[in-house]
$ cat work-v6.cif   # mmCIF, C-alpha atoms and all ligand atoms
data_final
loop_
_atom_site.label_atom_id
_atom_site.label_comp_id
_atom_site.auth_asym_id
_atom_site.auth_seq_id
_atom_site.Cartn_x
_atom_site.Cartn_y
_atom_site.Cartn_z
CA MET A 1377 0.00 0.00 0.00
CA ARG A 1378 1.45 3.30 -1.06
CA LEU A 1379 0.56 6.64 0.48
CA LEU A 1380 1.30 10.26 -0.33
CA VAL A 1381 1.62 12.70 2.56
CA ILE A 1382 1.41 16.41 1.66
CA GLU A 1383 2.33 18.49 4.70
CA ASP A 1384 4.52 21.59 4.97
CA GLU A 1385 5.54 21.25 8.63
CA ALA A 1386 8.82 19.41 8.10
CA ASP A 1387 8.94 17.79 11.55
CA LEU A 1388 5.38 16.55 11.32
CA LEU A 1389 5.94 15.30 7.78
CA SER A 1390 9.05 13.31 8.63
CA SER A 1391 7.54 11.82 11.78
CA LEU A 1392 4.35 10.87 9.92
CA ALA A 1393 6.30 9.29 7.06
CA LYS A 1394 8.48 7.35 9.51
CA ALA A 1395 5.49 6.10 11.51
CA LEU A 1396 3.58 5.08 8.38
CA ARG A 1397 6.62 3.23 7.01
CA GLU A 1398 6.86 1.36 10.30
CA GLU A 1399 3.22 0.35 9.73
CA GLY A 1400 4.34 -1.20 6.45
CA TYR A 1401 3.29 1.48 3.96
CA ALA A 1402 5.38 2.76 1.09
CA VAL A 1403 5.30 6.53 1.64
CA ASP A 1404 5.94 9.41 -0.76
CA THR A 1405 6.09 12.93 0.64
CA SER A 1406 5.70 16.52 -0.46
CA GLU A 1407 6.06 19.79 1.47
CA GLU A 1408 4.54 21.97 -1.19
CA GLY A 1409 1.18 22.22 -2.95
CA GLU A 1410 2.16 22.23 -6.63
CA GLU A 1411 4.54 19.30 -6.26
CA GLY A 1412 2.04 17.43 -4.10
CA LEU A 1413 -0.66 17.83 -6.73
CA TYR A 1414 1.71 16.64 -9.45
CA LYS A 1415 2.51 13.46 -7.51
CA ALA A 1416 -1.14 12.89 -6.60
CA MET A 1417 -2.17 13.16 -10.24
CA ASN A 1418 0.54 10.89 -11.59
CA THR A 1419 0.67 7.93 -9.22
CA ASP A 1420 -2.07 5.52 -8.25
CA TYR A 1421 -1.79 5.98 -4.46
CA ASP A 1422 -3.89 3.87 -2.12
CA ALA A 1423 -4.61 6.99 -0.05
CA ILE A 1424 -3.43 10.58 0.31
CA ILE A 1425 -2.99 12.47 3.58
CA LEU A 1426 -3.45 16.13 2.73
CA ASP A 1427 -2.86 19.17 4.91
CA VAL A 1428 -5.19 22.12 4.28
CA MET A 1429 -2.81 25.05 4.79
CA LEU A 1430 0.10 24.68 2.37
CA PRO A 1431 2.43 26.97 0.43
CA GLY A 1432 1.76 27.05 -3.31
CA LEU A 1433 -1.66 25.46 -3.67
CA ASP A 1434 -3.76 24.91 -0.55
CA GLY A 1435 -5.28 21.53 0.28
CA TRP A 1436 -8.76 22.53 -0.94
CA THR A 1437 -7.43 23.46 -4.38
CA ILE A 1438 -5.37 20.27 -4.62
CA LEU A 1439 -8.41 18.19 -3.73
CA LYS A 1440 -10.60 19.95 -6.26
CA LYS A 1441 -8.09 19.48 -9.09
CA LEU A 1442 -7.39 15.90 -8.09
CA ARG A 1443 -11.08 14.97 -8.09
CA ALA A 1444 -11.38 16.03 -11.73
CA LYS A 1445 -9.06 13.13 -12.55
CA ARG A 1446 -8.76 10.59 -9.74
CA LYS A 1447 -10.83 8.98 -6.97
CA THR A 1448 -7.85 8.31 -4.67
CA PRO A 1449 -9.15 8.35 -1.07
CA VAL A 1450 -8.13 11.56 0.69
CA LEU A 1451 -7.82 12.20 4.43
CA MET A 1452 -7.60 15.93 5.14
CA LEU A 1453 -5.63 17.36 8.06
CA THR A 1454 -7.19 20.56 9.38
CA ALA A 1455 -5.91 22.91 12.03
CA ARG A 1456 -9.36 23.90 13.23
CA ASP A 1457 -12.43 21.85 13.96
CA THR A 1458 -15.10 24.00 12.43
CA SER A 1459 -18.13 22.64 10.62
CA ARG A 1460 -17.46 25.10 7.79
CA ASP A 1461 -14.08 23.46 7.06
CA ARG A 1462 -15.56 19.99 7.39
CA VAL A 1463 -18.45 20.66 5.05
CA HIS A 1464 -16.19 22.39 2.53
CA GLY A 1465 -13.84 19.39 2.46
CA LEU A 1466 -16.65 16.88 2.10
CA ASP A 1467 -18.24 18.95 -0.68
CA LEU A 1468 -14.95 18.92 -2.56
CA GLY A 1469 -14.71 15.14 -2.26
CA ALA A 1470 -12.59 14.52 0.85
CA ASP A 1471 -13.23 11.05 2.29
CA ASP A 1472 -12.32 11.80 5.88
CA TYR A 1473 -10.58 14.41 7.99
CA LEU A 1474 -8.58 14.70 11.19
CA VAL A 1475 -8.08 17.76 13.36
CA LYS A 1476 -4.53 18.58 14.49
CA PRO A 1477 -3.11 17.56 16.85
CA PHE A 1478 -4.24 13.98 16.35
CA ASP A 1479 -3.39 10.60 17.78
CA LEU A 1480 -1.22 8.47 15.46
CA ASN A 1481 -3.24 5.34 16.15
CA GLU A 1482 -6.36 7.15 15.06
CA LEU A 1483 -4.64 8.20 11.84
CA PHE A 1484 -3.56 4.60 11.18
CA ALA A 1485 -7.10 3.32 11.80
CA ARG A 1486 -8.64 5.91 9.49
CA VAL A 1487 -6.15 5.24 6.71
CA ARG A 1488 -6.82 1.50 6.98
CA ALA A 1489 -10.58 2.12 6.89
CA LEU A 1490 -10.27 4.38 3.83
CA ILE A 1491 -8.25 1.79 1.92
CA ARG A 1492 -10.62 -0.99 2.97
CA ARG A 1493 -13.74 0.96 1.94
CA THR A 1494 -12.20 1.77 -1.42
CA ALA A 1495 -11.51 -1.92 -1.98
CA GLY A 1496 -15.15 -2.68 -1.06
CA LEU A 1497 -14.20 -4.76 1.99
CA SER A 1498 -16.61 -4.50 4.89
CA ARG A 1499 -14.36 -6.33 7.33
CA SER A 1500 -10.79 -5.90 8.40
CA VAL A 1501 -10.22 -9.65 8.62
CA VAL A 1502 -10.23 -11.56 5.35
CA GLN A 1503 -10.57 -15.35 5.12
CA ILE A 1504 -9.41 -17.01 1.91
CA GLY A 1505 -9.44 -20.81 2.03
CA ASN A 1506 -7.37 -21.80 5.06
CA VAL A 1507 -5.60 -18.45 5.17
CA ARG A 1508 -6.85 -15.67 7.44
CA ILE A 1509 -5.52 -12.14 7.06
CA ASP A 1510 -5.95 -9.77 10.00
CA ILE A 1511 -5.27 -6.37 8.42
CA PRO A 1512 -5.16 -4.13 11.57
CA ALA A 1513 -2.88 -6.59 13.34
CA ARG A 1514 -0.84 -7.13 10.14
CA GLN A 1515 -0.87 -10.84 10.84
CA ALA A 1516 -1.63 -13.82 8.62
CA PHE A 1517 -2.69 -17.27 9.79
CA ARG A 1518 -2.56 -20.57 7.95
CA SER A 1519 -4.98 -23.18 9.30
CA GLY A 1520 -5.19 -21.14 12.51
CA LYS A 1521 -1.42 -20.91 13.03
CA ALA A 1522 0.31 -17.52 12.88
CA VAL A 1523 2.66 -17.15 9.90
CA ALA A 1524 5.68 -14.83 10.21
CA LEU A 1525 5.72 -12.42 7.27
CA THR A 1526 7.95 -9.43 6.59
CA HIS A 1527 6.26 -6.03 6.22
CA ARG A 1528 6.61 -6.23 2.46
CA GLU A 1529 5.30 -9.77 2.22
CA PHE A 1530 2.28 -8.79 4.29
CA THR A 1531 1.59 -5.73 2.15
CA LEU A 1532 1.84 -7.78 -1.03
CA LEU A 1533 -0.58 -10.33 0.45
CA GLU A 1534 -2.94 -7.56 1.58
CA PHE A 1535 -2.94 -5.92 -1.84
CA LEU A 1536 -3.63 -9.17 -3.72
CA ALA A 1537 -6.32 -10.13 -1.18
CA MET A 1538 -8.04 -6.78 -1.64
CA HIS A 1539 -8.16 -7.47 -5.37
CA ARG A 1540 -9.18 -11.08 -4.93
CA GLY A 1541 -10.34 -12.70 -8.16
CA GLU A 1542 -8.58 -10.08 -10.28
CA ALA A 1543 -5.25 -10.53 -11.98
CA VAL A 1544 -2.98 -7.77 -10.65
CA SER A 1545 -0.23 -6.67 -13.03
CA ARG A 1546 3.41 -6.61 -12.01
CA ALA A 1547 3.47 -2.90 -12.84
CA ALA A 1548 0.59 -2.25 -10.41
CA LEU A 1549 2.34 -4.25 -7.69
CA TYR A 1550 5.52 -2.23 -8.14
CA GLU A 1551 3.53 1.00 -8.07
CA HIS A 1552 1.71 0.08 -4.85
CA LEU A 1553 4.52 -1.63 -2.94
CA PHE A 1554 7.51 0.63 -3.35
CA ASP A 1555 7.92 4.33 -2.68
CA GLU A 1556 9.57 7.00 -4.82
CA ASN A 1557 12.96 6.63 -3.12
CA GLU A 1558 13.33 2.90 -3.47
CA ASN A 1559 15.58 1.38 -6.07
CA THR A 1560 13.51 -1.57 -7.14
CA LEU A 1561 15.37 -4.53 -8.53
CA SER A 1562 13.32 -6.26 -11.16
CA ASN A 1563 13.44 -9.66 -9.44
CA LEU A 1564 12.45 -8.47 -5.99
CA LEU A 1565 8.75 -9.05 -6.54
CA ASP A 1566 9.35 -12.67 -7.55
CA VAL A 1567 11.30 -13.24 -4.34
CA HIS A 1568 8.40 -11.93 -2.22
CA ILE A 1569 5.87 -14.01 -4.18
CA SER A 1570 8.02 -17.09 -3.76
CA ASN A 1571 8.34 -16.49 0.00
CA LEU A 1572 4.56 -16.05 0.33
CA ARG A 1573 3.97 -19.32 -1.53
CA ASN A 1574 6.41 -21.13 0.75
CA LYS A 1575 4.64 -19.77 3.82
CA LEU A 1576 0.97 -19.91 2.72
CA GLY A 1577 0.87 -22.76 0.21
CA SER A 1578 2.18 -23.14 -3.33
CA GLU A 1579 -1.29 -22.75 -4.88
CA PHE A 1580 -2.32 -19.71 -2.85
CA ILE A 1581 -1.06 -17.14 -5.36
CA MET A 1582 -1.54 -17.96 -9.03
CA THR A 1583 0.72 -16.64 -11.79
CA ARG A 1584 -0.89 -14.98 -14.78
CA ARG A 1585 1.89 -15.54 -17.24
CA GLY A 1586 3.22 -12.43 -18.93
CA TYR A 1587 0.98 -10.24 -16.75
CA GLY A 1588 1.06 -10.67 -12.99
CA TYR A 1589 -0.50 -12.51 -10.09
CA CYS A 1590 -3.88 -13.41 -8.65
CA ILE A 1591 -5.48 -14.81 -5.49
CA GLU A 1592 -8.62 -16.67 -6.49
CA CA A 1601 0.22 23.44 7.04
#
$ encode --input "work-v6.cif" --output "structure tokens"
Amino acid sequence: MRLLVIEDEADLLSSLAKALREEGYAVDTSEEGEEGLYKAMNTDYDAIILDVMLPGLDGWTILKKLRAKRKTPVLMLTARDTSRDRVHGLDLGADDYLVKPFDLNELFARVRALIRRTAGLSRSVVQIGNVRIDIPARQAFRSGKAVALTHREFTLLEFLAMHRGEAVSRAALYEHLFDENENTLSNLLDVHISNLRNKLGSEFIMTRRGYGYCIE
């Protein structure tokens, strides 16, 4: 799952990005409105965390321009809790908002909920055959036994599970698993897929030859 955080307070931005990476997300960042909008328009993020008051373009303008092109879920960060700000954001197509200062665990929960809703999942625990995936706990189980997965393996599993029944292209997996600063080796994805198959069963993830992968 890949996020974009647009926030001009450098300390807040770096602590948010660090915390989100520790939660297993790939995180891109921007401190400025124009650049943030450019990234938001040109990458298929799983969610965007967007501050309202920004240099360049403000958060409202970014949201408005973004919505003309993309449905990426957006969580707005506002400095004031006023109904006027809330209503304005919702009218422009924001999916949720948080008032600063906020609790990190609440941010994590809201981001997870946004991504889940967008994928059309009503529950945060997904059962596929004998594999159970507990998304908030970031834990997978095989026949009831906990399976140790790396952050990246879990995220790959989560992404394929959210698109269950669809073939997901390799390009989409690279776009959603790695952030803008990562140097992605072309064989890395195959290594993660192979590890998941070893841990969850060889038939659990199917290969769509010449295209990508699928959980049926
Ligand atoms: Ca700000």
$ residues_near_ligand --input "work-v6.cif" --ligand "ligand CA 1601 (chain A)" --cutoff "12 Å" --atoms "all atoms listed in the file" --output "VMD selection string"
chain A and resid 1381 to 1389 1406 to 1409 1425 to 1435 1452 to 1456 1475 to 1477
$ residues_around --input "work-v6.cif" --residues "A:Ala1402" --least-positions-apart "5" --cutoff "6 Å" --atoms "all atoms listed in the file" --output "list in words"
Arg1378, Phe1554 and Asp1555 of chain A
$ residues_around --input "work-v6.cif" --residues "stretch 1532-1536 of chain A" --least-positions-apart "5" --cutoff "8 Å" --atoms "only C-alpha atoms" --output "ChimeraX atom specification"
/A:1377,1509,1511,1544,1549,1553,1568,1572,1589-1591
$ closest_residue --input "work-v6.cif" --among "A:Ala1489, A:Ala1537, A:Leu1466, A:Leu1480" --to "A:Ala1395" --atoms "only C-alpha atoms"
A:Leu1480
$ residues_around --input "work-v6.cif" --residues "A:Ala1470" --least-positions-apart "2" --cutoff "8 Å" --atoms "all atoms listed in the file" --output "list of chain:residue names"
A:Leu1439, A:Pro1449, A:Val1450, A:Leu1451, A:Met1452, A:Gly1465, A:Leu1466, A:Asp1467, A:Leu1468, A:Asp1472, A:Tyr1473
$ residues_around --input "work-v6.cif" --residues "A:Ala1547" --least-positions-apart "6" --cutoff "12 Å" --atoms "all atoms listed in the file" --output "PDB file with C-alpha atoms, in the frame of the given file"
ATOM      1  CA  THR A1419       0.670   7.930  -9.220  1.00  0.00           C
ATOM      2  CA  ASP A1420      -2.070   5.520  -8.250  1.00  0.00           C
ATOM      3  CA  LEU A1553       4.520  -1.630  -2.940  1.00  0.00           C
ATOM      4  CA  PHE A1554       7.510   0.630  -3.350  1.00  0.00           C
ATOM      5  CA  THR A1560      13.510  -1.570  -7.140  1.00  0.00           C
ATOM      6  CA  SER A1562      13.320  -6.260 -11.160  1.00  0.00           C
ATOM      7  CA  LEU A1565       8.750  -9.050  -6.540  1.00  0.00           C
ATOM      8  CA  GLY A1586       3.220 -12.430 -18.930  1.00  0.00           C
ATOM      9  CA  TYR A1587       0.980 -10.240 -16.750  1.00  0.00           C
ATOM     10  CA  GLY A1588       1.060 -10.670 -12.990  1.00  0.00           C
ATOM     11  CA  TYR A1589      -0.500 -12.510 -10.090  1.00  0.00           C
TER      12      TYR A1589
END
$ closest_residue --input "work-v6.cif" --among "A:Ile1569, A:Met1538, A:Leu1442, A:Lys1415" --to "A:Ser1498" --atoms "only C-alpha atoms"
A:Met1538
$ atom_distance --input "work-v6.cif" --atom1 "atom CA of A:Leu1576" --atom2 "atom CA of A:Thr1526"
13.2 Å
$ closest_residue --input "work-v6.cif" --among "A:Leu1564, A:Leu1380, A:Ala1423, A:Ile1581" --to "A:Arg1492" --atoms "only C-alpha atoms"
A:Ala1423
$ atom_distance --input "work-v6.cif" --atom1 "atom CA of A:Ser1391" --atom2 "atom CA of A:Tyr1550"
24.5 Å
$ residues_around --input "work-v6.cif" --residues "A:Lys1575" --least-positions-apart "3" --cutoff "10 Å" --atoms "all atoms listed in the file" --output "list in words"
Ala1516, Phe1517, Arg1518, Val1523, Ala1524, Leu1525, Ile1569, Ser1570, Asn1571, Leu1572, Ser1578 and Phe1580 of chain A
$ atom_distance --input "work-v6.cif" --atom1 "atom CA of A:Ala1543" --atom2 "atom CA of A:Thr1448"
20.4 Å
$ closest_residue --input "work-v6.cif" --among "A:Trp1436, A:Asn1506, A:Arg1446, A:Asn1559" --to "A:Arg1462" --atoms "all atoms listed in the file"
A:Trp1436
$ decode --input "work-v6.cif" --residues "stretch 1528-1559 of chain A" --atoms "N, CA, C and O atoms" --output "compact mmCIF listing (two decimals), in the first residue's frame"
# COMPACT_ATOMS: atom_id res chain seq x y z
N ARG A 1528 6.88 -6.28 3.90
CA ARG A 1528 6.61 -6.23 2.46
C ARG A 1528 5.80 -7.44 2.01
O ARG A 1528 4.90 -7.31 1.18
N GLU A 1529 6.08 -8.58 2.56
CA GLU A 1529 5.30 -9.77 2.22
C GLU A 1529 3.84 -9.57 2.64
O GLU A 1529 2.92 -9.90 1.90
N PHE A 1530 3.66 -9.00 3.83
CA PHE A 1530 2.28 -8.79 4.29
C PHE A 1530 1.55 -7.80 3.37
O PHE A 1530 0.39 -8.02 3.01
N THR A 1531 2.23 -6.73 3.00
CA THR A 1531 1.59 -5.73 2.15
C THR A 1531 1.23 -6.30 0.78
O THR A 1531 0.15 -6.02 0.23
N LEU A 1532 2.11 -7.12 0.25
CA LEU A 1532 1.84 -7.78 -1.03
C LEU A 1532 0.60 -8.69 -0.90
O LEU A 1532 -0.31 -8.66 -1.74
N LEU A 1533 0.57 -9.45 0.18
CA LEU A 1533 -0.58 -10.33 0.45
C LEU A 1533 -1.86 -9.50 0.58
O LEU A 1533 -2.90 -9.84 0.00
N GLU A 1534 -1.77 -8.43 1.35
CA GLU A 1534 -2.94 -7.56 1.58
C GLU A 1534 -3.45 -6.99 0.25
O GLU A 1534 -4.65 -6.98 -0.02
N PHE A 1535 -2.53 -6.53 -0.58
CA PHE A 1535 -2.94 -5.92 -1.84
C PHE A 1535 -3.61 -6.94 -2.76
O PHE A 1535 -4.67 -6.68 -3.34
N LEU A 1536 -3.02 -8.13 -2.87
CA LEU A 1536 -3.63 -9.17 -3.72
C LEU A 1536 -4.98 -9.62 -3.15
O LEU A 1536 -5.93 -9.85 -3.89
N ALA A 1537 -5.06 -9.70 -1.81
CA ALA A 1537 -6.32 -10.13 -1.18
C ALA A 1537 -7.42 -9.10 -1.41
O ALA A 1537 -8.59 -9.45 -1.59
N MET A 1538 -7.05 -7.82 -1.40
CA MET A 1538 -8.04 -6.78 -1.64
C MET A 1538 -8.54 -6.78 -3.08
O MET A 1538 -9.57 -6.22 -3.39
N HIS A 1539 -7.76 -7.37 -3.96
CA HIS A 1539 -8.16 -7.47 -5.37
C HIS A 1539 -8.43 -8.94 -5.72
O HIS A 1539 -8.17 -9.37 -6.84
N ARG A 1540 -8.94 -9.66 -4.75
CA ARG A 1540 -9.18 -11.08 -4.93
C ARG A 1540 -10.02 -11.34 -6.19
O ARG A 1540 -11.02 -10.65 -6.44
N GLY A 1541 -9.60 -12.36 -6.95
CA GLY A 1541 -10.34 -12.70 -8.16
C GLY A 1541 -9.90 -11.91 -9.38
O GLY A 1541 -10.28 -12.23 -10.49
N GLU A 1542 -9.09 -10.87 -9.15
CA GLU A 1542 -8.58 -10.08 -10.28
C GLU A 1542 -7.11 -10.41 -10.48
O GLU A 1542 -6.39 -10.58 -9.52
N ALA A 1543 -6.68 -10.43 -11.74
CA ALA A 1543 -5.25 -10.53 -11.98
C ALA A 1543 -4.66 -9.14 -11.76
O ALA A 1543 -5.18 -8.15 -12.28
N VAL A 1544 -3.63 -9.05 -10.94
CA VAL A 1544 -2.98 -7.77 -10.65
C VAL A 1544 -1.65 -7.74 -11.41
O VAL A 1544 -0.87 -8.68 -11.29
N SER A 1545 -1.44 -6.71 -12.20
CA SER A 1545 -0.23 -6.67 -13.03
C SER A 1545 1.01 -6.44 -12.18
O SER A 1545 0.95 -5.85 -11.09
N ARG A 1546 2.14 -6.86 -12.70
CA ARG A 1546 3.41 -6.61 -12.01
C ARG A 1546 3.63 -5.10 -11.87
O ARG A 1546 4.11 -4.65 -10.83
N ALA A 1547 3.27 -4.35 -12.90
CA ALA A 1547 3.47 -2.90 -12.84
C ALA A 1547 2.67 -2.30 -11.69
O ALA A 1547 3.16 -1.45 -10.95
N ALA A 1548 1.43 -2.77 -11.51
CA ALA A 1548 0.59 -2.25 -10.41
C ALA A 1548 1.20 -2.63 -9.07
O ALA A 1548 1.21 -1.82 -8.14
N LEU A 1549 1.73 -3.84 -8.97
CA LEU A 1549 2.34 -4.25 -7.69
C LEU A 1549 3.55 -3.39 -7.37
O LEU A 1549 3.73 -2.96 -6.24
N TYR A 1550 4.37 -3.12 -8.38
CA TYR A 1550 5.52 -2.23 -8.14
C TYR A 1550 5.05 -0.84 -7.72
O TYR A 1550 5.60 -0.22 -6.82
N GLU A 1551 4.01 -0.35 -8.37
CA GLU A 1551 3.53 1.00 -8.07
C GLU A 1551 2.99 1.10 -6.64
O GLU A 1551 3.14 2.12 -5.98
N HIS A 1552 2.36 0.02 -6.16
CA HIS A 1552 1.71 0.08 -4.85
C HIS A 1552 2.58 -0.39 -3.69
O HIS A 1552 2.23 -0.19 -2.53
N LEU A 1553 3.71 -1.06 -4.01
CA LEU A 1553 4.52 -1.63 -2.94
C LEU A 1553 5.77 -0.84 -2.60
O LEU A 1553 6.29 -0.95 -1.50
N PHE A 1554 6.23 -0.05 -3.56
CA PHE A 1554 7.51 0.63 -3.35
C PHE A 1554 7.32 2.14 -3.44
O PHE A 1554 6.53 2.61 -4.26
N ASP A 1555 8.07 2.89 -2.61
CA ASP A 1555 7.92 4.33 -2.68
C ASP A 1555 8.91 4.96 -3.66
O ASP A 1555 9.73 4.27 -4.27
N GLU A 1556 8.82 6.28 -3.80
CA GLU A 1556 9.57 7.00 -4.82
C GLU A 1556 11.09 6.95 -4.61
O GLU A 1556 11.84 7.21 -5.53
N ASN A 1557 11.52 6.64 -3.39
CA ASN A 1557 12.96 6.63 -3.12
C ASN A 1557 13.59 5.25 -3.24
O ASN A 1557 14.79 5.10 -3.08
N GLU A 1558 12.79 4.25 -3.46
CA GLU A 1558 13.33 2.90 -3.47
C GLU A 1558 13.84 2.51 -4.85
O GLU A 1558 13.19 2.77 -5.86
N ASN A 1559 15.01 1.87 -4.84
CA ASN A 1559 15.58 1.38 -6.07
C ASN A 1559 15.10 -0.06 -6.24
O ASN A 1559 15.57 -0.95 -5.57
